[in-house]
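Undergrad: Below is the file protein15.cif, with mmCIF, C-alpha atoms.
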data_query
#
loop_
_atom_site.label_atom_id
_atom_site.label_comp_id
_atom_site.auth_asym_id
_atom_site.auth_seq_id
_atom_site.Cartn_x
_atom_site.Cartn_y
_atom_site.Cartn_z
CA MET A 1 72.60 81.50 69.61
CA ASN A 2 69.78 79.03 69.21
CA TYR A 3 69.29 76.32 71.72
CA PRO A 4 67.18 73.35 70.60
CA ASN A 5 64.10 73.01 72.71
CA GLY A 6 64.52 70.90 75.80
CA ARG A 7 68.27 70.55 75.48
CA ARG A 8 68.99 73.31 77.92
CA SER A 9 67.79 72.11 81.30
CA GLN A 10 69.28 74.98 83.25
CA ALA A 11 69.27 78.65 82.40
CA SER A 12 72.69 80.21 82.26
CA SER A 13 73.08 83.40 84.22
CA SER A 14 76.52 84.11 82.85
CA SER A 15 76.95 86.74 80.19
CA PRO A 16 77.39 85.24 76.76
CA SER A 17 80.98 84.91 75.66
CA ILE A 18 82.27 85.26 72.12
CA GLU A 19 79.64 84.26 69.60
CA LYS A 20 80.43 80.93 68.09
CA LYS A 21 79.56 79.37 64.81
CA SER A 22 76.68 77.00 65.38
CA ASP A 23 78.74 73.92 64.64
CA GLN A 24 81.04 74.82 67.55
CA VAL A 25 78.31 75.15 70.14
CA VAL A 26 78.25 72.27 72.55
CA TYR A 27 74.84 71.34 73.93
CA SER A 28 75.68 69.96 77.31
CA ASN A 29 72.68 69.08 79.41
CA ARG A 30 74.24 71.21 82.12
CA GLY A 31 73.60 74.21 79.91
CA MET A 32 77.17 75.49 80.12
CA ASN A 33 80.23 74.72 78.12
CA LEU A 34 83.49 73.71 79.74
CA GLU A 35 85.02 77.16 79.54
CA GLU A 36 82.04 78.76 81.26
CA ASP A 37 82.04 76.05 83.93
CA ILE A 38 85.74 76.57 84.64
CA ASP A 39 85.32 80.34 84.69
CA GLU A 40 82.58 80.02 87.32
CA THR A 41 84.68 77.57 89.28
CA ASN A 42 87.70 79.88 89.24
CA THR A 43 85.54 82.82 90.28
CA PHE A 44 84.32 80.75 93.21
CA TYR A 45 87.89 79.80 94.13
CA VAL A 46 89.05 83.45 93.96
CA THR A 47 86.03 84.71 95.90
CA THR A 48 86.57 82.19 98.68
CA ASN A 49 90.36 82.79 98.50
CA LYS A 50 90.95 79.06 97.95
CA ALA A 51 93.15 79.64 94.89
CA ILE A 52 93.99 82.47 92.51
CA ILE A 53 93.51 81.07 89.02
CA HIS A 54 92.51 83.04 85.93
CA LYS A 55 91.96 82.32 82.28
CA LYS A 56 94.31 84.22 80.03
CA PRO A 57 92.59 86.51 77.54
CA THR A 58 92.17 85.24 73.98
CA PRO A 59 95.29 86.37 72.10
CA VAL A 60 94.38 88.87 69.40
CA GLN A 61 96.65 90.37 66.78
CA ILE A 62 95.44 93.95 66.66
CA VAL A 63 95.96 95.46 63.22
CA ARG A 64 93.82 98.57 63.11
CA VAL A 65 92.39 100.77 65.85
CA HIS A 66 90.05 103.67 65.41
CA TYR A 67 90.09 106.46 68.02
CA PRO A 68 86.78 108.28 67.86
CA LYS A 69 86.57 111.63 69.61
CA ARG A 70 85.12 111.43 73.11
CA SER A 71 84.62 107.66 73.07
CA ALA A 72 86.55 104.46 73.52
CA ALA A 73 89.07 103.18 71.01
CA VAL A 74 87.58 100.61 68.62
CA ILE A 75 89.53 97.72 67.19
CA THR A 76 88.36 97.57 63.57
CA GLU A 77 90.69 94.86 62.35
CA GLY A 78 92.07 92.03 64.43
CA TYR A 79 92.85 88.36 64.09
CA PHE A 80 92.82 85.43 66.46
CA LYS A 81 96.33 84.22 67.28
CA GLN A 82 97.25 80.76 68.43
CA ALA A 83 98.02 80.64 72.13
CA SER A 84 101.65 79.89 72.94
CA THR A 85 100.89 78.67 76.42
CA THR A 86 98.00 76.99 78.19
CA ASP A 87 94.83 78.93 78.91
CA TYR A 88 94.80 78.86 82.71
CA ASN A 89 97.36 79.45 85.41
CA GLY A 90 97.67 80.67 88.94
CA ILE A 91 98.62 79.74 92.47
CA TYR A 92 97.19 77.12 94.82
CA LYS A 93 98.54 76.29 98.27
CA GLY A 94 101.69 78.18 97.39
CA LYS A 95 102.28 76.12 94.25
CA TYR A 96 102.23 77.23 90.63
CA ILE A 97 99.32 75.59 88.78
CA ASP A 98 98.89 75.54 85.00
CA PHE A 99 96.40 73.79 82.76
CA GLU A 100 94.59 73.58 79.47
CA ALA A 101 90.92 72.64 79.02
CA LYS A 102 89.34 71.01 76.00
CA GLU A 103 86.06 69.38 75.21
CA THR A 104 85.28 66.86 72.51
CA LYS A 105 82.11 65.43 71.04
CA ASN A 106 83.96 62.21 70.37
CA LYS A 107 82.76 59.42 72.68
CA THR A 108 85.58 56.94 72.32
CA SER A 109 88.76 59.02 72.24
CA PHE A 110 90.27 62.47 72.66
CA PRO A 111 91.88 63.64 69.38
CA LEU A 112 95.33 65.14 69.96
CA THR A 113 94.62 67.70 67.24
CA ASN A 114 92.90 69.60 70.07
CA VAL A 115 96.30 70.38 71.53
CA HIS A 116 99.05 72.40 69.88
CA GLU A 117 102.71 71.49 69.88
CA HIS A 118 103.87 74.65 71.65
CA GLN A 119 101.30 74.04 74.36
CA VAL A 120 102.80 70.61 74.92
CA HIS A 121 106.27 72.14 75.07
CA HIS A 122 105.02 74.68 77.56
CA MET A 123 103.57 71.92 79.75
CA LYS A 124 106.83 70.00 79.64
CA SER A 125 108.70 73.11 80.80
CA ILE A 126 106.26 73.66 83.64
CA LEU A 127 106.85 70.11 84.87
CA GLU A 128 110.62 70.67 84.70
CA HIS A 129 110.14 73.72 86.90
CA ASP A 130 108.17 71.72 89.43
CA GLY A 131 104.78 73.23 88.67
CA ILE A 132 101.45 71.41 88.81
CA CYS A 133 100.32 70.87 85.23
CA PHE A 134 97.45 68.98 83.64
CA ILE A 135 94.73 69.03 81.03
CA ILE A 136 91.00 68.99 81.72
CA ILE A 137 89.17 66.94 79.11
CA ARG A 138 85.41 66.89 78.80
CA PHE A 139 83.55 64.28 76.78
CA SER A 140 80.56 66.55 76.30
CA LEU A 141 78.17 63.90 74.95
CA LEU A 142 79.04 61.59 77.84
CA ASP A 143 78.94 64.50 80.26
CA GLU A 144 82.16 63.37 81.90
CA THR A 145 85.09 65.60 82.73
CA TYR A 146 88.57 64.27 83.53
CA LEU A 147 91.79 65.69 84.86
CA LEU A 148 94.76 64.10 83.08
CA PRO A 149 98.18 64.98 84.54
CA ALA A 150 100.55 66.51 81.97
CA GLU A 151 103.01 63.62 82.50
CA HIS A 152 100.51 61.26 80.88
CA LEU A 153 99.55 63.69 78.16
CA LEU A 154 103.24 63.93 77.23
CA THR A 155 103.47 60.13 77.00
CA PHE A 156 100.49 59.98 74.64
CA TRP A 157 101.90 62.91 72.67
CA ASP A 158 105.19 61.04 72.21
CA ARG A 159 103.30 57.95 71.10
CA HIS A 160 101.60 60.13 68.48
CA LEU A 161 104.95 61.58 67.37
CA ASN A 162 106.26 58.04 67.01
CA GLY A 163 103.71 57.55 64.29
CA ARG A 164 101.12 55.73 66.33
CA ARG A 165 97.59 56.78 67.19
CA LYS A 166 96.67 60.46 66.98
CA SER A 167 94.32 60.30 69.92
CA ILE A 168 94.01 59.12 73.51
CA ARG A 169 91.49 56.34 73.93
CA TYR A 170 88.60 56.95 76.34
CA ASP A 171 89.61 53.97 78.48
CA GLU A 172 93.18 55.34 78.71
CA ILE A 173 91.81 58.61 80.01
CA THR A 174 89.66 56.87 82.60
CA LYS A 175 92.70 54.82 83.63
CA PHE A 176 95.35 57.56 83.85
CA GLY A 177 93.05 60.49 84.54
CA SER A 178 90.66 61.26 87.38
CA LEU A 179 86.97 62.02 87.03
CA ILE A 180 86.18 65.54 88.21
CA PRO A 181 82.92 65.52 90.18
CA PHE A 182 80.22 67.99 89.25
CA SER A 183 79.39 70.13 92.25
CA TYR A 184 77.99 73.48 93.17
CA PRO A 185 79.05 76.28 93.03
CA ALA A 186 82.39 74.89 91.83
CA ARG A 187 80.97 73.25 88.72
CA VAL A 188 84.28 71.67 87.72
CA ASP A 189 85.81 71.20 91.13
CA PHE A 190 89.26 70.24 89.85
CA LEU A 191 91.06 71.28 93.04
CA ARG A 192 89.52 68.29 94.80
CA VAL A 193 91.35 66.07 92.33
CA VAL A 194 94.49 68.22 92.60
CA ASP A 195 94.42 67.71 96.37
CA ASP A 196 94.35 63.94 95.89
CA LEU A 197 97.05 63.85 93.24
CA TYR A 198 99.55 66.52 94.27
CA PHE A 199 99.27 67.20 98.00
CA MET B 1 105.27 105.94 64.69
CA ASN B 2 107.60 108.89 64.37
CA TYR B 3 110.81 108.97 66.27
CA PRO B 4 112.44 112.39 66.71
CA ASN B 5 115.85 112.47 65.10
CA GLY B 6 118.70 111.43 67.30
CA ARG B 7 116.55 110.21 70.16
CA ARG B 8 116.69 106.61 69.07
CA SER B 9 120.26 105.48 69.54
CA GLN B 10 119.59 101.85 68.86
CA ALA B 11 117.45 100.30 66.17
CA SER B 12 114.79 97.98 67.43
CA SER B 13 114.68 94.63 65.74
CA SER B 14 111.48 93.60 67.43
CA SER B 15 108.26 93.72 65.51
CA PRO B 16 106.19 96.75 66.38
CA SER B 17 103.52 96.12 68.95
CA ILE B 18 100.10 97.74 69.07
CA GLU B 19 100.18 101.17 67.55
CA LYS B 20 100.06 103.80 70.22
CA LYS B 21 98.84 107.32 70.20
CA SER B 22 101.86 109.55 69.85
CA ASP B 23 101.50 111.00 73.33
CA GLN B 24 101.89 107.51 74.82
CA VAL B 25 105.13 106.67 73.06
CA VAL B 26 108.12 106.70 75.36
CA TYR B 27 111.45 107.72 73.84
CA SER B 28 113.94 105.79 75.88
CA ASN B 29 117.52 106.16 74.73
CA ARG B 30 117.70 102.38 74.75
CA GLY B 31 115.32 102.37 71.84
CA MET B 32 112.89 99.96 73.45
CA ASN B 33 110.04 100.54 75.77
CA LEU B 34 109.67 98.66 79.02
CA GLU B 35 107.20 96.12 77.64
CA GLU B 36 109.51 95.21 74.77
CA ASP B 37 112.48 94.96 77.13
CA ILE B 38 110.59 92.63 79.46
CA ASP B 39 109.32 90.55 76.55
CA GLU B 40 112.89 90.04 75.32
CA THR B 41 114.02 89.24 78.84
CA ASN B 42 111.26 86.67 79.32
CA THR B 43 112.04 85.11 75.95
CA PHE B 44 115.65 84.79 77.07
CA TYR B 45 114.57 83.23 80.37
CA VAL B 46 112.28 80.74 78.60
CA THR B 47 114.88 79.88 75.97
CA THR B 48 117.53 79.19 78.59
CA ASN B 49 114.95 77.43 80.78
CA LYS B 50 115.72 79.73 83.69
CA ALA B 51 112.08 80.62 84.26
CA ILE B 52 108.76 80.28 82.47
CA ILE B 53 107.20 83.72 82.49
CA HIS B 54 104.82 85.13 79.88
CA LYS B 55 102.91 88.32 79.36
CA LYS B 56 99.18 87.79 79.27
CA PRO B 57 97.51 88.89 76.04
CA THR B 58 95.81 92.28 76.00
CA PRO B 59 92.20 91.65 77.05
CA VAL B 60 89.85 92.44 74.19
CA GLN B 61 86.07 92.45 74.25
CA ILE B 62 85.21 90.91 70.91
CA VAL B 63 81.91 92.21 69.60
CA ARG B 64 81.80 91.33 65.92
CA VAL B 65 83.64 88.73 63.89
CA HIS B 66 83.53 88.30 60.16
CA TYR B 67 84.16 84.83 58.72
CA PRO B 68 85.27 85.21 55.10
CA LYS B 69 85.25 82.10 52.96
CA ARG B 70 88.62 80.37 52.72
CA SER B 71 90.43 82.82 54.98
CA ALA B 72 90.92 83.61 58.62
CA ALA B 73 88.20 85.08 60.81
CA VAL B 74 88.47 88.86 61.14
CA ILE B 75 87.51 90.76 64.27
CA THR B 76 85.75 93.83 62.91
CA GLU B 77 84.64 95.34 66.21
CA GLY B 78 86.44 94.99 69.50
CA TYR B 79 87.26 97.06 72.56
CA PHE B 80 90.13 97.14 75.00
CA LYS B 81 89.14 95.85 78.41
CA GLN B 82 90.80 96.70 81.67
CA ALA B 83 92.97 93.88 82.95
CA SER B 84 91.70 92.27 86.13
CA THR B 85 95.08 90.87 87.08
CA THR B 86 98.69 91.81 86.55
CA ASP B 87 100.27 91.48 83.11
CA TYR B 88 102.96 88.89 83.82
CA ASN B 89 103.09 85.61 85.65
CA GLY B 90 104.84 82.30 85.64
CA ILE B 91 107.13 80.00 87.57
CA TYR B 92 110.69 80.50 88.83
CA LYS B 93 112.64 78.00 90.93
CA GLY B 94 109.38 76.22 91.66
CA LYS B 95 107.70 79.38 92.96
CA TYR B 96 104.77 81.27 91.50
CA ILE B 97 105.85 84.71 90.31
CA ASP B 98 103.52 87.54 89.37
CA PHE B 99 104.14 91.17 88.48
CA GLU B 100 103.00 94.32 86.78
CA ALA B 101 105.24 96.70 84.81
CA LYS B 102 104.75 100.42 84.32
CA GLU B 103 106.78 103.30 83.04
CA THR B 104 106.40 106.95 83.80
CA LYS B 105 107.83 110.14 82.34
CA ASN B 106 107.59 111.71 85.75
CA LYS B 107 111.06 112.25 87.27
CA THR B 108 110.17 112.77 90.89
CA SER B 109 107.39 110.30 91.64
CA PHE B 110 105.37 107.38 90.35
CA PRO B 111 101.67 108.31 90.08
CA LEU B 112 99.42 105.60 91.52
CA THR B 113 96.89 106.28 88.76
CA ASN B 114 99.10 103.91 86.74
CA VAL B 115 97.78 101.03 88.82
CA HIS B 116 94.18 99.86 89.01
CA GLU B 117 92.41 98.89 92.20
CA HIS B 118 91.66 95.31 91.09
CA GLN B 119 95.31 94.84 90.22
CA VAL B 120 96.23 95.86 93.76
CA HIS B 121 93.65 93.41 95.13
CA HIS B 122 95.08 90.70 92.93
CA MET B 123 98.59 91.39 94.23
CA LYS B 124 97.37 91.26 97.82
CA SER B 125 95.81 87.85 97.15
CA ILE B 126 99.00 86.55 95.57
CA LEU B 127 100.97 87.54 98.68
CA GLU B 128 98.41 85.79 100.88
CA HIS B 129 98.95 82.65 98.81
CA ASP B 130 102.70 82.89 99.29
CA GLY B 131 103.55 83.93 95.74
CA ILE B 132 106.35 86.27 94.71
CA CYS B 133 104.75 89.55 93.67
CA PHE B 134 106.12 92.94 92.71
CA ILE B 135 105.88 95.86 90.33
CA ILE B 136 108.58 96.92 87.89
CA ILE B 137 108.68 100.71 87.59
CA ARG B 138 110.70 102.52 84.94
CA PHE B 139 111.45 106.21 85.13
CA SER B 140 111.94 106.45 81.40
CA LEU B 141 113.50 109.92 81.35
CA LEU B 142 115.97 108.92 84.07
CA ASP B 143 116.52 105.56 82.38
CA GLU B 144 116.21 103.76 85.71
CA THR B 145 114.13 100.65 86.33
CA TYR B 146 113.20 99.45 89.81
CA LEU B 147 111.63 96.36 91.30
CA LEU B 148 109.31 97.30 94.15
CA PRO B 149 107.95 94.37 96.18
CA ALA B 150 104.14 94.28 96.31
CA GLU B 151 104.23 94.58 100.12
CA HIS B 152 105.56 98.14 99.74
CA LEU B 153 103.23 98.99 96.89
CA LEU B 154 100.32 97.98 99.13
CA THR B 155 101.57 100.26 101.90
CA PHE B 156 101.75 103.23 99.53
CA TRP B 157 98.35 102.30 98.11
CA ASP B 158 96.86 102.36 101.62
CA ARG B 159 98.46 105.73 102.28
CA HIS B 160 96.76 106.97 99.10
CA LEU B 161 93.41 105.51 100.23
CA ASN B 162 93.84 107.29 103.54
CA GLY B 163 93.65 110.54 101.64
CA ARG B 164 97.34 111.23 101.48
CA ARG B 165 99.61 111.49 98.42
CA LYS B 166 98.47 109.88 95.20
CA SER B 167 101.97 108.87 94.21
CA ILE B 168 105.12 107.20 95.44
CA ARG B 169 108.07 109.57 95.70
CA TYR B 170 111.18 108.75 93.70
CA ASP B 171 113.30 108.57 96.85
CA GLU B 172 110.79 106.16 98.40
CA ILE B 173 111.16 103.88 95.40
CA THR B 174 114.95 103.99 95.58
CA LYS B 175 114.71 103.22 99.30
CA PHE B 176 112.18 100.36 99.27
CA GLY B 177 112.82 99.11 95.75
CA SER B 178 115.90 97.67 94.06
CA LEU B 179 117.50 99.00 90.89
CA ILE B 180 117.34 96.42 88.09
CA PRO B 181 120.63 96.42 86.19
CA PHE B 182 120.56 96.74 82.41
CA SER B 183 122.26 93.75 80.86
CA TYR B 184 122.35 91.72 77.71
CA PRO B 185 120.47 89.74 76.49
CA ALA B 186 118.24 89.99 79.56
CA ARG B 187 117.59 93.71 79.18
CA VAL B 188 115.61 93.96 82.42
CA ASP B 189 117.27 91.23 84.41
CA PHE B 190 114.73 91.26 87.23
CA LEU B 191 115.47 87.69 88.32
CA ARG B 192 118.84 88.86 89.63
CA VAL B 193 116.95 91.11 92.02
CA VAL B 194 114.40 88.35 92.75
CA ASP B 195 117.28 86.06 93.73
CA ASP B 196 118.54 88.65 96.22
CA LEU B 197 115.15 89.42 97.70
CA TYR B 198 113.28 86.12 97.75
CA PHE B 199 115.77 83.23 97.74
#
Write the structure described by the file as structure tokens, please.

TA:
Amino acid sequence: MNYPNGRRSQASSSSPSIEKKSDQVVYSNRGMNLEEDIDETNTFYVTTNKAIIHKKPTPVQIVRVHYPKRSAAVITEGYFKQASTTDYNGIYKGKYIDFEAKETKNKTSFPLTNVHEHQVHHMKSILEHDGICFIIIRFSLLDETYLLPAEHLLTFWDRHLNGRRKSIRYDEITKFGSLIPFSYPARVDFLRVVDDLYF
Amino acid sequence: MNYPNGRRSQASSSSPSIEKKSDQVVYSNRGMNLEEDIDETNTFYVTTNKAIIHKKPTPVQIVRVHYPKRSAAVITEGYFKQASTTDYNGIYKGKYIDFEAKETKNKTSFPLTNVHEHQVHHMKSILEHDGICFIIIRFSLLDETYLLPAEHLLTFWDRHLNGRRKSIRYDEITKFGSLIPFSYPARVDFLRVVDDLYF
């Protein structure tokens, strides 16, 4: 991956994740993308026993596997599958917690094309079962990260289904969501917001 | 996959999962392996809105991806990673639920080599956070499936760490675990046992 000079103010110590096409790389001035930030945050939460939250592995349809003698099996043909649930779940203060995380380069709205229908259905089910459910949305060019409770996401999703706008306006997210403060070592310290909203 | 004649009393309608080396295939006379049975059970639970429980995808270390023009990205080199958590989690009656599932061809004991240390640590953490946590163990040749609460698994794990037996005896599992009845369409109706034990 190439980082333009001067755009990366902080060296990342995390191991690189899946290589991305250059047009998908997000150049946050924090030097980390949202997924990496949440991974570090969750690791901190697990290490300090504050919460047990993990990202689910990327779903892969494995088609062909080669078993070389005396070494590990190699997947030689596989495809990315669409996730049927959200990416993150776990337990916090005895409660089930479940969320999705997305970042956008858009500065004025969050396009709902970032979310899949079955993910929305999943979130609706989680709410019915009395779980804590939300989406973390980062406006990467504004460097702002919000927690939007799933209840509100569902309302905006229904508005979209009713043939109205296909996105959530930035000012709607600031109104119905909560800004997640940047901190250290919990880079996206969403449990602070969860404490305010759900406990 | 080859099935020996007469061993497969019931045709499986499920799509085949990852191809396994022949020595890993389990020939249950129900025609399905434990993972398939639990998948069908979870699908039934989700469909009837009884619980929202999903299997996590198999963790894959993706090393090389090919992006052909006008068609889907192909993973051309990947490796199986060891799971750092259990395979299944979700929400039931408002509670976080988390479990692992393993089958053995052994008739007299369940070898603890089937479970990884970080999975045991994960289970311990879940208990500390007041989640419901257990392991489902199938003795495939006996056609018996048990739910063993994580508390007991941890006790047997500690016994193993203390240099004593590396397995849990069959009679210990029947004593501290609960037989999961075979039913339809919930083939491994573990929530019946969960209701008895935890609610």

Undergrad: I need the output of the PyMOL selection byres ((chain B) within 9 of (chain A)) for this file as a PDB file with C-alpha atoms, in the coordinates of the input; which residues are they?

TA:
ATOM      1  CA  SER B  17     103.520  96.120  68.950  1.00  0.00           C
ATOM      2  CA  ILE B  18     100.100  97.740  69.070  1.00  0.00           C
ATOM      3  CA  GLU B  19     100.180 101.170  67.550  1.00  0.00           C
ATOM      4  CA  VAL B  46     112.280  80.740  78.600  1.00  0.00           C
ATOM      5  CA  ASN B  49     114.950  77.430  80.780  1.00  0.00           C
ATOM      6  CA  LYS B  50     115.720  79.730  83.690  1.00  0.00           C
ATOM      7  CA  ALA B  51     112.080  80.620  84.260  1.00  0.00           C
ATOM      8  CA  ILE B  52     108.760  80.280  82.470  1.00  0.00           C
ATOM      9  CA  HIS B  54     104.820  85.130  79.880  1.00  0.00           C
ATOM     10  CA  LYS B  56      99.180  87.790  79.270  1.00  0.00           C
ATOM     11  CA  PRO B  57      97.510  88.890  76.040  1.00  0.00           C
ATOM     12  CA  THR B  58      95.810  92.280  76.000  1.00  0.00           C
ATOM     13  CA  PRO B  59      92.200  91.650  77.050  1.00  0.00           C
ATOM     14  CA  VAL B  60      89.850  92.440  74.190  1.00  0.00           C
ATOM     15  CA  GLN B  61      86.070  92.450  74.250  1.00  0.00           C
ATOM     16  CA  ILE B  62      85.210  90.910  70.910  1.00  0.00           C
ATOM     17  CA  VAL B  63      81.910  92.210  69.600  1.00  0.00           C
ATOM     18  CA  ARG B  64      81.800  91.330  65.920  1.00  0.00           C
ATOM     19  CA  VAL B  65      83.640  88.730  63.890  1.00  0.00           C
ATOM     20  CA  ALA B  72      90.920  83.610  58.620  1.00  0.00           C
ATOM     21  CA  ALA B  73      88.200  85.080  60.810  1.00  0.00           C
ATOM     22  CA  VAL B  74      88.470  88.860  61.140  1.00  0.00           C
ATOM     23  CA  ILE B  75      87.510  90.760  64.270  1.00  0.00           C
ATOM     24  CA  THR B  76      85.750  93.830  62.910  1.00  0.00           C
ATOM     25  CA  GLU B  77      84.640  95.340  66.210  1.00  0.00           C
ATOM     26  CA  GLY B  78      86.440  94.990  69.500  1.00  0.00           C
ATOM     27  CA  TYR B  79      87.260  97.060  72.560  1.00  0.00           C
ATOM     28  CA  PHE B  80      90.130  97.140  75.000  1.00  0.00           C
ATOM     29  CA  THR B  85      95.080  90.870  87.080  1.00  0.00           C
ATOM     30  CA  ASN B  89     103.090  85.610  85.650  1.00  0.00           C
ATOM     31  CA  GLY B  90     104.840  82.300  85.640  1.00  0.00           C
ATOM     32  CA  ILE B  91     107.130  80.000  87.570  1.00  0.00           C
ATOM     33  CA  TYR B  92     110.690  80.500  88.830  1.00  0.00           C
ATOM     34  CA  LYS B  93     112.640  78.000  90.930  1.00  0.00           C
ATOM     35  CA  GLY B  94     109.380  76.220  91.660  1.00  0.00           C
ATOM     36  CA  LYS B  95     107.700  79.380  92.960  1.00  0.00           C
ATOM     37  CA  TYR B  96     104.770  81.270  91.500  1.00  0.00           C
ATOM     38  CA  ILE B  97     105.850  84.710  90.310  1.00  0.00           C
ATOM     39  CA  HIS B 122      95.080  90.700  92.930  1.00  0.00           C
ATOM     40  CA  SER B 125      95.810  87.850  97.150  1.00  0.00           C
ATOM     41  CA  ILE B 126      99.000  86.550  95.570  1.00  0.00           C
ATOM     42  CA  GLU B 128      98.410  85.790 100.880  1.00  0.00           C
ATOM     43  CA  HIS B 129      98.950  82.650  98.810  1.00  0.00           C
ATOM     44  CA  ASP B 130     102.700  82.890  99.290  1.00  0.00           C
ATOM     45  CA  GLY B 131     103.550  83.930  95.740  1.00  0.00           C
TER      46      GLY B 131
END

Undergrad: Rounded to one decimal, what separation in Å do you get between CA of Leu141 (chain A) and CA of Lys107 (chain A)?

TA: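 Between these atoms lies a distance of 6.8 Å.
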
Undergrad: Give me, please, the distance in Å between CA of Glu35 (chain A) and CA of Thr113 (chain A), quoted to one decimal.

TA: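 Taking CA of Glu35 (chain A) as the start and CA of Thr113 (chain A) as the end point, the length is 18.2 Å.
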
Undergrad: Pick from B:Thr155, B:Gln82, B:Ser140, B:Asn106: nearest to Gln119 (chain B), with all atoms listed in the file counted?

TA: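 Of B:Thr155, B:Gln82, B:Ser140, B:Asn106, the one nearest Gln119 (chain B) is B:Gln82, counting all atoms listed in the file.
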
Undergrad: Need the shell around Leu191 (chain B): protein/DNA/RNA residues with any atom at most 9 Å away, counting all atoms listed in the file. Skip same-chain ones fewer than 2 positions apart. Format as a tab-separated table (two decimals) with C-alpha atoms, in the frame of the given file?

TA:
chain	number	residue	atom	x	y	z
B	51	ALA	CA	112.08	80.62	84.26
B	92	TYR	CA	110.69	80.50	88.83
B	180	ILE	CA	117.34	96.42	88.09
B	188	VAL	CA	115.61	93.96	82.42
B	189	ASP	CA	117.27	91.23	84.41
B	193	VAL	CA	116.95	91.11	92.02
B	194	VAL	CA	114.40	88.35	92.75
B	195	ASP	CA	117.28	86.06	93.73
B	196	ASP	CA	118.54	88.65	96.22

Undergrad: Quick one: residues within 8 Å of Phe176 (chain B), only C-alpha atoms, excluding same-chain residues fewer than 2 positions away - as a CSV table (one decimal) with C-alpha atoms, in the coordinates of the input?

TA:
chain,number,residue,atom,x,y,z
B,148,LEU,CA,109.3,97.3,94.2
B,149,PRO,CA,108.0,94.4,96.2
B,152,HIS,CA,105.6,98.1,99.7
B,172,GLU,CA,110.8,106.2,98.4
B,173,ILE,CA,111.2,103.9,95.4
B,174,THR,CA,115.0,104.0,95.6
B,178,SER,CA,115.9,97.7,94.1

Undergrad: If you count only C-alpha atoms, which residues fall within 7 Å of Thr145 (chain B), apart from same-chain ones fewer than 5 positions away, as a compact mmCIF listing (two decimals) with C-alpha atoms, in the coordinates of the input?

TA:
# COMPACT_ATOMS: atom_id res chain seq x y z
CA ILE B 136 108.58 96.92 87.89
CA ILE B 137 108.68 100.71 87.59
CA ARG B 138 110.70 102.52 84.94
CA PHE B 139 111.45 106.21 85.13
CA LEU B 179 117.50 99.00 90.89
CA ILE B 180 117.34 96.42 88.09

Undergrad: For CA of Gly163 (chain B) and CA of Glu117 (chain B), quote the distance in Å rounded to one decimal.

TA: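 It comes out at 15.0 Å.
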
Undergrad: Compile the contact shell of Val120 (chain B) as a list of chain:residue names: residues with an atom at most 9 Å away, counting all atoms listed in the file, same-chain residues fewer than 3 positions apart removed.

TA: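 Those residues are B:Thr85, B:Thr86, B:Val115, B:His116, B:Glu117, B:Met123, B:Lys124, B:Ser125, B:Ala150, B:Leu153, B:Leu154, B:Trp157.
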
Undergrad: Applied to the shown file, which residues does the PyMOL selection byres ((chain B and resi 185) around 7) return, written as a list in words?

TA: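 So the PyMOL selection byres ((chain B and resi 185) around 7) ends up selecting Thr41, Phe44, Ser183, Tyr184, Ala186 and Arg187 of chain B.
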
Undergrad: Nearest to Ser109 (chain A): which of A:Phe182, A:Tyr45, A:Tyr170, A:Phe190 is it, counting only C-alpha atoms?

TA: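 Smallest separation from Ser109 (chain A) among the options: A:Tyr170.
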